[in-house]
Amino acid sequence: MTVHQISVFVENKSGTLLRVLDLFKEAGIQLIASTISDTVEYGIYRIICSEPSRALEVLKQGGISASVSEVFAITLDNRPGRAADAVRVLAEEGIGISYLYSFLLAGKGILVFRTDDAGRTKEVIRAKGLASVDDDALVALV
């Protein structure tokens with residue numbers, strides 16, 4: 001139902017993102033999805049990858065500050081409006097979404113998100129029959 005996401009704080013200067021990507025390249029870690037949200041001085045680089053535990057260790061050994069957290073991931077049919085339908089289910093249950101990003105993988109839409117109430121979100125995903133995925137299922141789609 002959840003996947004492990006790596007969050008890396010990167011300075012907004014040339015070369016810092018490249019350092020992270022080079023470490024993953026050297027370690028043979030496959031990026032599945034990533035997104036950067038930025039402020040004036042730094043960005044938060046959020047990463048879903050093939051081996052999150054090893055990725056975290058590689059980053060730390062490389063002197064890069066990173067953390068791992070669990071986020072929700074659900075699959076959607078690759079048709080217009082499916083993301084809206086999924087978000088509506090959560091909104092109607094009073095669940096707020098802190099952030100969200102999406103991508104296509106193996107013909108399916110994948111929605112990755114964090115909410116303001118993880119316990120309630122798990123209940124709603126189960127009760128409403130949303131198709132959640134975990135790390136292993138996500139990597140199997142790659």
# chains A, B, ... in the order shown; residues from 1 in each chain; ligands from 1
>>> residues_around(residues="range 3-10 of chain A", least_positions_apart="4", cutoff="7 Å", atoms="only C-alpha atoms", output="VMD selection string")
chain A and resid 16 to 17 42 to 48 52 56 65 to 73 134 to 135
>>> residues_around(residues="Asp85 in chain A", least_positions_apart="5", cutoff="12 Å", atoms="only C-alpha atoms", output="PyMOL selection string")
chain A and resi 76-77+79-80+90-92+111+128+130
>>> closest_residue(among="A:Gly28, A:Gly62, A:Gly119, A:Gly109", to="Val133 in chain A", atoms="only C-alpha atoms")
A:Gly109
>>> atom_distance(atom1="CA of Arg82 in chain A", atom2="CA of Thr35 in chain A")
20.7 Å
>>> residues_around(residues="Gly94 in chain A", least_positions_apart="4", cutoff="12 Å", atoms="only C-alpha atoms", output="ChimeraX atom specification")
/A:87-90,115-117,120-121,124
>>> write_last_selection(atoms="C-alpha atoms", output="short mmCIF file (atom, residue, chain, number, x, y, z; two decimals), in the first residue's frame")
data_model
loop_
_atom_site.label_atom_id
_atom_site.label_comp_id
_atom_site.auth_asym_id
_atom_site.auth_seq_id
_atom_site.Cartn_x
_atom_site.Cartn_y
_atom_site.Cartn_z
CA VAL A 87 -8.40 12.35 -5.29
CA ARG A 88 -12.17 12.84 -5.00
CA VAL A 89 -12.45 9.61 -2.98
CA LEU A 90 -9.92 10.94 -0.48
CA THR A 115 -1.72 12.79 3.32
CA ASP A 116 -2.47 14.45 6.63
CA ASP A 117 -3.80 11.19 8.12
CA ARG A 120 -7.35 6.96 7.82
CA THR A 121 -5.91 6.94 4.29
CA VAL A 124 -10.15 4.49 2.84
#
>>> select_by_dssp(residues="chain A", states="helix (DSSP H, G or I)", output="ChimeraX atom specification")
/A:16-27,52-61,82-92,118-127,135-141
>>> write_last_selection(atoms="N, CA and C atoms", output="CSV table (one decimal), in the first residue's frame")
chain,number,residue,atom,x,y,z
A,16,THR,N,24.7,20.1,-7.7
A,16,THR,CA,24.3,19.3,-6.6
A,16,THR,C,23.3,18.2,-7.0
A,17,LEU,N,22.4,18.4,-7.9
A,17,LEU,CA,21.5,17.3,-8.4
A,17,LEU,C,22.4,16.3,-9.1
A,18,LEU,N,23.3,16.7,-9.9
A,18,LEU,CA,24.2,15.8,-10.6
A,18,LEU,C,24.9,14.8,-9.7
A,19,ARG,N,25.3,15.3,-8.6
A,19,ARG,CA,26.0,14.5,-7.6
A,19,ARG,C,25.1,13.3,-7.1
A,20,VAL,N,23.9,13.6,-6.8
A,20,VAL,CA,22.9,12.5,-6.4
A,20,VAL,C,22.7,11.5,-7.6
A,21,LEU,N,22.5,12.0,-8.8
A,21,LEU,CA,22.3,11.1,-9.9
A,21,LEU,C,23.5,10.3,-10.2
A,22,ASP,N,24.7,10.9,-10.1
A,22,ASP,CA,25.9,10.1,-10.4
A,22,ASP,C,26.1,9.0,-9.3
A,23,LEU,N,25.8,9.3,-8.1
A,23,LEU,CA,25.9,8.2,-7.1
A,23,LEU,C,25.0,7.1,-7.4
A,24,PHE,N,23.7,7.4,-7.8
A,24,PHE,CA,22.8,6.3,-8.2
A,24,PHE,C,23.3,5.5,-9.4
A,25,LYS,N,23.8,6.3,-10.4
A,25,LYS,CA,24.4,5.6,-11.6
A,25,LYS,C,25.5,4.7,-11.2
A,26,GLU,N,26.4,5.1,-10.4
A,26,GLU,CA,27.6,4.3,-10.0
A,26,GLU,C,27.1,3.1,-9.2
A,27,ALA,N,26.1,3.2,-8.5
A,27,ALA,CA,25.6,2.1,-7.6
A,27,ALA,C,24.6,1.2,-8.4
A,52,PRO,N,15.4,1.4,-2.3
A,52,PRO,CA,15.4,2.6,-1.4
A,52,PRO,C,16.3,2.5,-0.3
A,53,SER,N,16.4,1.3,0.4
A,53,SER,CA,17.3,1.2,1.5
A,53,SER,C,18.8,1.3,1.1
A,54,ARG,N,19.1,0.7,0.0
A,54,ARG,CA,20.5,0.8,-0.4
A,54,ARG,C,20.8,2.2,-1.0
A,55,ALA,N,19.8,2.8,-1.6
A,55,ALA,CA,19.9,4.2,-2.1
A,55,ALA,C,20.2,5.1,-1.0
A,56,LEU,N,19.5,5.0,0.1
A,56,LEU,CA,19.8,5.9,1.3
A,56,LEU,C,21.2,5.7,1.8
A,57,GLU,N,21.6,4.5,1.9
A,57,GLU,CA,23.0,4.2,2.3
A,57,GLU,C,24.0,4.8,1.4
A,58,VAL,N,23.8,4.7,0.1
A,58,VAL,CA,24.7,5.2,-0.9
A,58,VAL,C,24.8,6.7,-0.8
A,59,LEU,N,23.7,7.4,-0.6
A,59,LEU,CA,23.7,8.8,-0.4
A,59,LEU,C,24.4,9.2,0.8
A,60,LYS,N,24.1,8.6,1.9
A,60,LYS,CA,24.8,8.9,3.2
A,60,LYS,C,26.3,8.7,3.1
A,61,GLN,N,26.7,7.6,2.5
A,61,GLN,CA,28.2,7.4,2.3
A,61,GLN,C,28.8,8.4,1.4
A,82,ARG,N,-9.0,9.8,-14.3
A,82,ARG,CA,-8.8,8.8,-13.2
A,82,ARG,C,-8.1,9.4,-12.0
A,83,ALA,N,-7.2,10.3,-12.2
A,83,ALA,CA,-6.6,11.0,-11.0
A,83,ALA,C,-7.6,11.8,-10.2
A,84,ALA,N,-8.4,12.5,-11.0
A,84,ALA,CA,-9.5,13.3,-10.3
A,84,ALA,C,-10.4,12.3,-9.5
A,85,ASP,N,-10.8,11.2,-10.1
A,85,ASP,CA,-11.6,10.2,-9.3
A,85,ASP,C,-11.0,9.8,-8.1
A,86,ALA,N,-9.7,9.5,-8.1
A,86,ALA,CA,-9.0,9.0,-6.9
A,86,ALA,C,-8.9,10.0,-5.8
A,87,VAL,N,-8.5,11.2,-6.3
A,87,VAL,CA,-8.4,12.4,-5.3
A,87,VAL,C,-9.8,12.7,-4.7
A,88,ARG,N,-10.8,12.6,-5.5
A,88,ARG,CA,-12.2,12.8,-5.0
A,88,ARG,C,-12.5,11.9,-3.9
A,89,VAL,N,-12.2,10.6,-4.0
A,89,VAL,CA,-12.4,9.6,-3.0
A,89,VAL,C,-11.8,10.1,-1.7
A,90,LEU,N,-10.6,10.5,-1.7
A,90,LEU,CA,-9.9,10.9,-0.5
A,90,LEU,C,-10.5,12.2,0.1
A,91,ALA,N,-10.8,13.2,-0.8
A,91,ALA,CA,-11.4,14.5,-0.4
A,91,ALA,C,-12.7,14.3,0.3
A,92,GLU,N,-13.6,13.4,-0.3
A,92,GLU,CA,-14.9,13.2,0.2
A,92,GLU,C,-14.8,12.5,1.6
A,118,ALA,N,-2.4,9.3,7.7
A,118,ALA,CA,-2.0,8.0,7.1
A,118,ALA,C,-2.9,6.9,7.5
A,119,GLY,N,-3.2,6.8,8.8
A,119,GLY,CA,-4.1,5.7,9.2
A,119,GLY,C,-5.4,5.7,8.5
A,120,ARG,N,-6.0,6.8,8.5
A,120,ARG,CA,-7.4,7.0,7.8
A,120,ARG,C,-7.2,6.7,6.3
A,121,THR,N,-6.1,7.2,5.7
A,121,THR,CA,-5.9,6.9,4.3
A,121,THR,C,-5.9,5.5,4.0
A,122,LYS,N,-5.2,4.7,4.8
A,122,LYS,CA,-5.1,3.2,4.6
A,122,LYS,C,-6.5,2.6,4.6
A,123,GLU,N,-7.3,3.0,5.6
A,123,GLU,CA,-8.7,2.5,5.7
A,123,GLU,C,-9.5,2.8,4.5
A,124,VAL,N,-9.4,4.1,4.0
A,124,VAL,CA,-10.2,4.5,2.8
A,124,VAL,C,-9.7,3.8,1.6
A,125,ILE,N,-8.4,3.6,1.4
A,125,ILE,CA,-7.9,2.9,0.2
A,125,ILE,C,-8.4,1.5,0.2
A,126,ARG,N,-8.4,0.8,1.4
A,126,ARG,CA,-9.0,-0.6,1.5
A,126,ARG,C,-10.5,-0.6,1.2
A,127,ALA,N,-11.2,0.3,1.9
A,127,ALA,CA,-12.7,0.3,1.9
A,127,ALA,C,-13.2,0.7,0.5
A,135,ASP,N,6.5,-1.4,-2.7
A,135,ASP,CA,7.8,-1.3,-3.4
A,135,ASP,C,8.0,-2.4,-4.4
A,136,ASP,N,7.7,-3.7,-3.9
A,136,ASP,CA,8.0,-4.8,-4.8
A,136,ASP,C,7.1,-4.8,-6.0
A,137,ALA,N,5.8,-4.5,-5.8
A,137,ALA,CA,4.9,-4.4,-7.0
A,137,ALA,C,5.3,-3.3,-8.0
A,138,LEU,N,5.8,-2.2,-7.4
A,138,LEU,CA,6.2,-1.1,-8.3
A,138,LEU,C,7.4,-1.5,-9.1
A,139,VAL,N,8.4,-2.1,-8.5
A,139,VAL,CA,9.6,-2.4,-9.2
A,139,VAL,C,9.3,-3.5,-10.2
A,140,ALA,N,8.3,-4.4,-9.9
A,140,ALA,CA,8.0,-5.4,-10.9
A,140,ALA,C,7.4,-4.8,-12.2
A,141,LEU,N,6.8,-3.6,-12.1
A,141,LEU,CA,6.3,-3.0,-13.3
A,141,LEU,C,7.3,-2.4,-14.2
>>> atom_distance(atom1="CA of Ala131 in chain A", atom2="CA of Leu104 in chain A")
14.7 Å
>>> select_by_dssp(residues="range 19-137 of chain A", states="strand (DSSP E or B)", output="tab-separated table (two decimals) with C-alpha atoms, in the first residue's frame")
chain	number	residue	atom	x	y	z
A	31	LEU	CA	15.15	5.72	-10.76
A	32	ILE	CA	11.45	5.00	-11.19
A	33	ALA	CA	10.12	8.51	-10.56
A	34	SER	CA	11.36	11.75	-9.09
A	35	THR	CA	10.28	15.30	-8.54
A	36	ILE	CA	11.85	18.47	-7.19
A	37	SER	CA	10.07	21.20	-5.28
A	38	ASP	CA	12.17	24.26	-4.72
A	42	TYR	CA	17.29	24.67	-1.66
A	43	GLY	CA	15.12	22.03	-3.22
A	44	ILE	CA	13.59	18.82	-1.96
A	45	TYR	CA	14.33	16.04	-4.42
A	46	ARG	CA	11.85	13.20	-3.89
A	47	ILE	CA	12.81	9.87	-5.41
A	48	ILE	CA	11.13	6.52	-5.92
A	49	CYS	CA	13.78	3.98	-6.90
A	66	ALA	CA	18.71	12.23	2.85
A	67	SER	CA	15.81	10.54	4.58
A	68	VAL	CA	13.34	7.82	3.72
A	69	SER	CA	9.60	7.94	4.31
A	70	GLU	CA	6.55	5.93	3.38
A	71	VAL	CA	4.13	7.46	0.90
A	72	PHE	CA	1.01	6.06	-0.70
A	73	ALA	CA	1.04	4.78	-4.26
A	74	ILE	CA	-2.01	3.71	-6.23
A	75	THR	CA	-2.39	2.56	-9.80
A	76	LEU	CA	-4.94	4.02	-12.16
A	77	ASP	CA	-6.24	3.12	-15.58
A	97	ILE	CA	-3.17	15.69	0.45
A	98	SER	CA	0.15	17.27	1.43
A	99	TYR	CA	1.77	16.65	-1.95
A	100	LEU	CA	1.24	14.46	-4.98
A	101	TYR	CA	3.03	13.51	-8.17
A	102	SER	CA	2.22	11.05	-10.90
A	103	PHE	CA	3.80	9.14	-13.75
A	104	LEU	CA	3.03	6.41	-16.26
A	105	LEU	CA	4.56	2.96	-15.88
A	108	LYS	CA	-0.76	2.39	-15.82
A	109	GLY	CA	-0.95	5.75	-14.14
A	110	ILE	CA	0.79	5.79	-10.77
A	111	LEU	CA	-0.24	8.38	-8.19
A	112	VAL	CA	2.23	8.95	-5.33
A	113	PHE	CA	1.06	11.09	-2.44
A	114	ARG	CA	1.33	11.94	1.24
A	115	THR	CA	-1.72	12.79	3.32
A	131	ALA	CA	-5.46	-0.34	-6.30
A	132	SER	CA	-2.45	0.34	-4.09
